[in-house]
Structure formats: structure tokens, C-alpha cells
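J.: Here's a structure for you.
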Amino acid sequence: MKFTLSWLKRHLKTDATIEEVAEAMTLAGLEVEEILDPSKALSAFTIAHVKSAEKHPDADKLRVCQVETVDGEKQIVCGAPNARAGIAVAYAPLGAYIPGLDFSLDKKPRKIRGVESSGMMCSTKELELGEDHDGIFEADPAGHPVGQPIVDALNMNDPVIDFEVTPNRPDWLGVNSIARDLAAVGLGELITPEIETVKGTFPCPQEIKIEDTDGCPAFVGRVIKGVKNGPSPQWLQDQLKSIGLRPISALVDITNFITYDRARPLHFYDLNKVKGAITVRRGQNEAFDALDDKSYTATDADIAITDESGILGLGGIVGGETTGCDESTTDILIESAYFDPLTIRRSAKRMAVNSDAKYRFERGVDTGGLIDGAELASRMVLDICGGEASEIVIAGDIPADPPAISFNTELVTRLTGLELSDDVMEKILTDLGFTVKKGDHWWVDVPSFRRDATEGADLVEEIARIHGFHNLEAVSLPPLPGRREPTATLTQNRTRLARRALAARGLSEAITWSFVLKEHADAFDGGQDKLALDNPISNDLNWMRPSALIHLLLAGQRSANQGYPGAALFELGPIFQGTEPNEQSLSLAGMRRVEPGRDWAGAEEISALTAKEDVIAALNVMGANTDNLLIMEAAGSYWHPGRSASLRLGPKNVLASFGELHPRALKALGIDGRVVAFEIAPDNLPAPRKKSASKAKKALTLSDLMPVHRDFAFIVDEDVKAGDILKAAKGADKQLISNVSLFDVYRGKGVDEGQKSLAIDVTLTPTDATLTDADIEAVSGKIVEKVMKAGGRLRG
């Protein structure tokens with residue numbers, strides 16, 4: 001929502017600066033996003049007078065101009081077709097930044113085709129003050145002296161505030177309501193003009209009927225005949241342009257002005273294009289062309305404004321082209337209606353329509369402003385376009401005002417700690433538009449534009465907000481007695497360490513949506529209907545995610561599209577298998593895109609084993625004994641068979657899956673190339689055994705004796721896993737054997753078909769005495785015996 005300082009002062013008598021207004025809004029709970037001040041951005045540009053303009057000696061389309069500027073007389077070479085003597089222009093001095101062209105002029109004069117030029121004469125588009133780029137800005141020198149700031153010459157010296165409107169305060173979508181809140185905090189006096197009642201001179205000739213009173217409870221209409229639709233007055237055009245709206249015609253500009261001024265969306269119909277009675281009903285799969293140059297189909301879920309010829313528009317969303325007003329319009333029908341917010345939101349979301357009217361109706365407009373909106377529009381149309389107004393006609397019933405609130409003033413102190421007098425609280429509520437009936441127990445009447453206030457706590461919030469949240473005393477909670485245990489859980493501590501370990505391995509942490517597109521969920525085994533969202537925030541976020549990898553993969557692809565192909569990301573967050581409490585779990589997922597590296601030393605290739613190393617690093621710091629885990633197939637159809645695996649504590653307890661992702665899953669997400677990934681289930685990691693009373697760490701034991709290495713080669717069947725052989729070898733003597741590693745896999749001559757040779761390196765680390773040959777032979781025998789039980793035999 002945007003408004004200018006001058007617009008605010010139509011409703012608020014104040015001497016406050018734009019910065020003071022923004023500060024007061026912030027303290028009153030309005031979130032100011034930006035202050036736009038053209039006078040600061042264009043402070044370097046001033047009015048100059050062209051004294052002469054001669055043809056360039058070496059260019060047909062250039063002119064050499066002598067220009068009287070604030071810096072004295074300057075020679076400027078200009079290519080604009082309207083550059084001539086006797087006009088006032090927008091002068092940019094040397095070194096000035098030209099916002100519309102995004103560059104700065106040289107600080108020294110430069111030659112253009114051999115002629116020196118000092119500065120520039122600008123168009124409104126180059127100054128980002130308009131769309132005209134065919135020629136330079138020109139004005140009458142008599143009304144614009146040399147040195148006048150360009151923002152003053154164009155009546156653009158009006159700062160703009162852009163702020164965020166919370167969904168519960170649709171009244172803030174009107175400048176009058178912003179002024180009301182600022183007056184309540186003491187920034188000025190509320191001077192919103194009273195709306196003048198226009199007396200109709202003839203009965204309204206247009207019949208209006210409502211068949212769908214749930215979708216449209218009330219429709220206020222009035223006919224004005226004999227209007228002349230042309231350009232709107234300059235003040236109105238300037239007001240709309242200052243907040244980024246394009247002036248179109250007087251009738252359209254009036255509706256836009258009232259939409260922002262009073263948060264009252266309106267619509268004008270060209271009465272001569274309406275056929276018969278206007279009926280508000282549900283759509284019947286009827287297509288129509290809208291004013292936004294698009295076509296829509298109104299179904300029984302939509303509120304349709306119709307006549308005998310068909311659809312005239314979608315109520316509260318967008319008007320139809322058939323009855324739109326243009327320069328030939330002479331008679332109009334004013335629509336000031338109330339539409340059901342939920343119906344408007346659903347229809348607009350399904351059709352992907354976004355309009356100022358929809359933005360207000362879906363939040364709920366002031367039901368008490370239906371007649372006032374029609375009256376204000378009538379007065380502006382008569383003043384600007386002329387004509388003769390009919391009497392107002394009301395179809396349906398205007399919704400009743402919100403119910404009064406029973407208010408115990410002691411609630412203010414109990415909830416906020418503020419000690420305020422009854423007079424202060426009454427004044428705050430009255431200044432905000434509430435009506436207070438005092439007594440032993442207060443009754444507060446709620447205005448029609450504040451339907452968000454439904455109970456006493458809402459009134460307490462309003463009192464505290466206007467009094468100032470910054471005035472609340474900061475009081476610490478009383479300390480709890482006794483010793484307090486750390487609040488972080490075991491899983492939180494473990495995952496904190498795991499995140500650090502992954503970051504140390506070069507992965508960047510991401511935070512993504514817990515919602516995904518259904519087609520993406522299908523690719524990751526999450527197509528169950530129970531994961532569907534009833535009211536998704538977006539059409540492409542309509543499913544609860546079965547895997548945290550989905551958005552990481554999409555983020556990696558977006559990075560690749562922008563020229564950063566080597567994305568390495570991880571995320572800790574929830575995943576879902578259903579809607580029950582035990583069907584939500586925590587997942588620590590990560591991915592690395594497999595991209596060929598360009599490095600003279602040979603970059604390390606990313607493979608499934610890289611993902612395994614990521615998993616091992618995370619599990620180690622989380623306290624898992626990774627030496628004793630089973631290696632089995634990955635859990636999920638989205639893993640590449642033969643290039644993925646899982647680490648398990650048992651056949652059913654999956655701690656992690658890792659490896660390459662299946663090309664089918666990547667294709668479903670639109671991912672190019674190969675990707676390795678992992679998923680860790682922190683909740684599946686068992687709690688550590690309880691420690692003794694002493695929390696001292698075990699002493700570090702280091703051997704002073706040299707380790708001994710022995711190599712073994714075993715023949716095993718093709719389906720025997722190397723991990724099983726390594727585990728068996730290490731179990732031969734857990735005290736003496738400190739490490740076992742695989743250093744070669746051989747298939748070929750000397751090895752029968754269907755078998756393979758696994759070569760392992762066993763490290764023996766003595767602690768008491770140097771190993772003798774007999775000791776080494778004894779442990780070697782144990783190793784061979786253990787491996788034979790695991791399915792291997794010593795290679796001859």
C-alpha cells in the first residue's frame with residue numbers, strides 16, 4: 001500500500017515530516033517498508049533555458065545548444081528532435097547519475113562528433129518521471145525559472161510511503177484509516193472531509209436483482225446521466241501517478257482514487273451497454289472478456305454480475321469489457337457492493353487474477369461504507385464529468401454492524417502491565433472510531449470497518465498499540481528455584497553437531513518449504529492423497545513433502561541456470577508420510593551436483609562415495625558407531641539401483657540412505673545431469689547408554705609401539721559385500737586390530753566367473769609389547785577364520 005505525504009494531509013492536519021510519519025506508523029504497528037523521496041533522488045536536476053540551437057557541423061540529427069543553467073551558460077550537444085531555442089528543459093550537470101539510463105555523466109566535458117558538450121538535457125523517461133522518450137522534457141520558461149528543481153517543475157516533490165498491510169486490517173488499505181490511527185497517536189488532527197449527500201433528481205431506472213445473497217449480500221447502485229468522460233483533472237492524475245497508477249480517464253481515475261482514499265472498491269458500468277436487469281448470481285460456465293485483456297470462465301463457485309446478454313464481470317474481482325466505460329460513455333451505473341471475502345479469494349486464486357478490488361474484497365471491505373462510497377463517487381463524477389444523478393437503489397440487505405464488546409478495563413493491566421486511567425483508554429478507543437458506554441462494566445460498540453475486533457483482548461491490543469508498545473515496561477520473569485537442565489533435546493544437540501560437520505565439508509545450509517508440487521512428491525514416493533493440502537498457499541505448493549531433497553534439487557538447478565553449477569546444499573527439517581503425529585519425522589538431507597571440474601591438479605570427482613563420506617561425517621559426530629552398521633539397499637524408489645545404499649542398525653532401522661538419485665526422479669523435477677544425495681533420519685539413532693556419575697571423558701590411549709600392516713586377499717562370491725568382509729576381519733581381535741580397509745577389487749584371470757578378489761589392509765597396533773612373528777601369525781589365523789565364516793577364502 002502506497003500513499004504520498006500530500007495525500008495523507010487531505011485527511012490529517014499535521015506539520016510532521018515524512019520521516020516522522022513513518023516513525024509514528026511503525027510505533028503504531030504499521031510496518032513501513034520503504035520511503036520514496038523523488039526530491040533526493042533527483043536533487044541534481046534543475047530547470048535550464050535553451051538560448052539557441054544550431055545544427056551540428058558534422059551530424060544531421062544533432063544540435064549544438066547554448067543553454068542557460070544554474071551553473072552558468074553551457075554548450076550541450078543534443079539529439080532530441082524538439083531541442084530548440086526558447087524552451088525550458090531538464091538539465092543534468094556533469095557527473096550526474098541518470099536513473100533511467102543507469103549511468104553517470106563524465107565529470108569533465110566530452111566531445112561529441114568533434115564538438116564539446118557539458119552536461120545533458122533529459123527526457124522524463126530518463127529521469128524515471130514518465131514514459132516519454134521521443135524528446136527531451138520541455139516547458140514554458142515563463143513559469144519555470146533557471147535553477148528550479150525538476151521535481152518542483154513536474155509537481156513530483158511529494159515523498160511516498162510504502163507499507164505492509166496485515167490481513168486483519170483491511171481498513172488500512174484506505175488513506176483515511178491511516179490518518180485516523182496517526183491522529184490517535186497524536187501526530188495531528190483528523191480532518192477527513194465529510195461525504196456530501198447527493199440528492200437524486202429522478203428514480204434509478206436500472207433494475208438490480210441478487211440471487212446469490214451469500215456471495216453478495218448487498219448491491220448499492222445509482223445512475224448518472226449526461227456525463228462527459230475525458231482526461232481527469234491534473235491534481236487527480238498527479239495523485240495517482242505518485243503511487244504508480246496510470247491515469248486512464250476521469251471515470252476510471254475516480255474509482256481508483258476512492259479505492260485508495262477510502263478502501264472502497266467501486267465499478268462503473270456504461271449504462272447504454274447494459275441489456276435489461278442486472279442480476280448477481282453464480283456463474284454457469286460462462287466465458288467473457290475482461291478489462292485486463294484476458295478471458296475467464298465463471299463457474300458456480302464464482303460471483304457473476306450479469307444482464308440479459310450474459311456476464312458483465314466477476315463481482316469484486318474484475319469487470320467485463322462489454323460494459324466498460326470509454327470516451328463515448330454518457331450514462332453510467334455506479335456499483336458499490338459487498339462480496340463474500342472467502343468466495344472472492346477462492347475465485348481469484350483459481351483464475352490467477354490479481355486486482356486492487358480483489359485485494360480489498362478478499363480481506364473484507366467496510367460494510368458501513370456502501371452508501372457513502374456511492375455518494376462520494378457521485379459527487380466526484382458530478383464535479384468532474386457533470387451529469388444528473390438518480391436516487392440511490394439498494395438491492396439486498398446491508399450487513400449489520402459487528403456486535404458490541406463487553407469490556408473489563410482491568411484486563412488492560414492484567415495483560416500488559418499498563419496503568420492507564422479510564423479517560424485515557426476511552427479517548428484512545430474513541431479516536432479509533434469505537435463508541436464507549438462507560439459504567440461499572442464497559443460496552444464498546446465496534447465500527448463497521450473494524451470487524452477484526454471481537455473480544456476484550458482485541459481492545460487491550462488497540463489501547464496498548466496506540467499508547468505505544470515502546471512504553472511497556474520491560475520486566476524479567478522471576479527465576480525458577482533449583483537447578484535447571486539444558487533445554488536442548490538430545491536430537492537437537494546431535495543435529496547441531498551434524499549441521500556443523502556438513503558445513504565443514506563444504507555444504508551450504510538451506511531452509512525451504514515443507515510444501516511441494518504433487519508431481520514432485522510422486523517422484524519421491526509421496527503421492528498419497530492424505531498428503532494433499534486443502535488450502536495451499538500456491539498452486540505449485542499443494543502437497544506435503546515426503547522428502548527434503550525436492551526443494552534442494554530445485555534450488556541447485558536454479559543455481560545452475562544462473563551459471564553456478566556446483567551446488568552443494570543440505571537442510572534439516574520435517575518430512576511427512578501422512579497426517580498422524582507418528583507420520584511426521586525429522587530429516588537431514590543433502591545433495592551435490594555432479595559437475596566436471598576444471599582444475600590443473602585434477603579436481604576430486606563427486607560420486608556416490610562422496611555422499612557416503614558426508615553421511616559418515618554426520619553420523620560420527622551424532623554418536624553413531626559407523627563401524628557396526630549394516631550396508632543394504634537404499635530406502636526409496638528414487639535412488640539409483642547399484643549406485644546407492646543405506647546404513648542400518650538392523651534390517652528395518654534405516655539411519656541413512658545415500659548415493660546417486662534415479663534419472664527418473666531427476667527428470668520429473670526438471671533436473672539436468674547427475675546428482676548425489678543423502679537422507680539421514682536423526683530420530684532413528686538410539687539414545688546413548690546412561691553414563692556413570694562421573695562425566696569425565698575416557699583417557700586418550702596412544703601406543704608408543706609401531707603398528708604392523710598385513711595384507712590379505714580373499715576370494716568371495718560376487719554378491720558378497722565388501723563391508724561384511726571388513727567387519728568380519730576387524731572382529732577377529734578388537735583390541736589389537738585398529739583399522740581394516742579395502743584397497744583392491746579384482747575380477748579376471750585366476751578368479752572364477754561369478755567371484756571376485758577383495759584385497760584388504762589390516763593394521764595391528766600393539767599396546768604392551770612389540771609383536772612377535774608368532775603373535776602376528778596367531779591373529780592372522782583368526783582373521784582368515786572369521787572371513788571364511790563370512791563367505792570368503794584366502795586367495796592362493
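Naming works like this for the C-alpha cells: A, B, ... for the chains as they're shown, residue 1 at the start of each chain, ligands 1 onward in shown order.
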Step one, run DSSP on the backbone; step two, keep only residues of segment 601-739 of chain A assigned to strand (DSSP E or B); then write them as a PyMOL selection string.

T.: chain A and resi 630-632+639-648+654-661+674-680+708-717+737-739

J.: List as a list of chain:residue names the protein and nucleic acid residues near Asp717 of chain A, meaning an atom at most 7 Å away when only C-alpha atoms are counted, but skip any in the same chain fewer than 3 places from it.

T.: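 Once the adjacent positions are removed, what remains is A:Val720, A:Gly754, A:Gln755, A:Lys756.
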
J.: Extract, using only C-alpha atoms, all DNA, RNA and protein residues at most 8 Å from Ser514 of chain A, discarding same-chain residues fewer than 3 positions from it, and format them as a ChimeraX atom specification.

T.: /A:544-545,548,573-575

J.: Print the selection's residues with C-alpha atoms to a file, as a CSV table (one decimal), in the first residue's frame.

T.:
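Output contents, as saved in again.csv:
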```csv
chain,number,residue,atom,x,y,z
A,544,MET,CA,3.2,-32.0,2.0
A,545,ARG,CA,6.8,-33.1,1.2
A,548,ALA,CA,13.6,-32.7,2.0
A,573,GLY,CA,13.6,-30.2,8.5
A,574,PRO,CA,10.4,-32.2,8.7
A,575,ILE,CA,9.1,-34.7,6.2
```

J.: Identify, on the basis of only C-alpha atoms, every residue whose closest approach to His49 of chain A does not exceed 6 Å; exclude the query and any residue fewer than 3 positions from it along the same chain; express the result as a ChimeraX atom specification.

T.: /A:67-68,87-88

J.: Take the residues just selected and output them with C-alpha atoms as a short mmCIF file (atom, residue, chain, number, x, y, z; two decimals), in the first residue's frame.

T.:
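Listed below is the output, out10.cif:
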```cif
data_model
loop_
_atom_site.label_atom_id
_atom_site.label_comp_id
_atom_site.auth_asym_id
_atom_site.auth_seq_id
_atom_site.Cartn_x
_atom_site.Cartn_y
_atom_site.Cartn_z
CA VAL A 67 21.87 26.69 -22.51
CA GLU A 68 21.49 28.98 -19.51
CA ILE A 87 12.12 26.30 -24.14
CA ALA A 88 12.81 25.28 -20.57
#
```

J.: Measuring atom to atom with only C-alpha atoms, identify which of A:Asn628, A:Thr367, A:Thr491, A:Thr772 is nearest to Arg450 of chain A.

T.: A:Thr367

J.: Out of A:Val708, A:Ala501, A:Leu190, A:Ile550, which residue has the shortest atom-to-atom distance to Asp525 of chain A when counting only C-alpha atoms?

T.: A:Ile550

J.: Quick one: contact table of segment 17-98 of chain A to segment 113-135 of chain A, 6 Å max, nearest atom pair and distance in Å to one decimal per residue, counting only C-alpha atoms, chain and number order, as JSON lines?

T.:
```
{"residue": "A:Gln75", "atom": "CA", "partner": "A:Ser117", "partner_atom": "CA", "distance": 5.6}
{"residue": "A:Ile76", "atom": "CA", "partner": "A:Ser117", "partner_atom": "CA", "distance": 4.5}
{"residue": "A:Val77", "atom": "CA", "partner": "A:Ser117", "partner_atom": "CA", "distance": 5.4}
{"residue": "A:Ala80", "atom": "CA", "partner": "A:Gly135", "partner_atom": "CA", "distance": 5.0}
{"residue": "A:Asn82", "atom": "CA", "partner": "A:Gly135", "partner_atom": "CA", "distance": 5.8}
{"residue": "A:Ala90", "atom": "CA", "partner": "A:Cys122", "partner_atom": "CA", "distance": 5.5}
{"residue": "A:Tyr91", "atom": "CA", "partner": "A:Met121", "partner_atom": "CA", "distance": 4.9}
{"residue": "A:Ala92", "atom": "CA", "partner": "A:Met120", "partner_atom": "CA", "distance": 5.1}
{"residue": "A:Pro93", "atom": "CA", "partner": "A:Gly119", "partner_atom": "CA", "distance": 4.7}
{"residue": "A:Leu94", "atom": "CA", "partner": "A:Gly119", "partner_atom": "CA", "distance": 4.9}
```
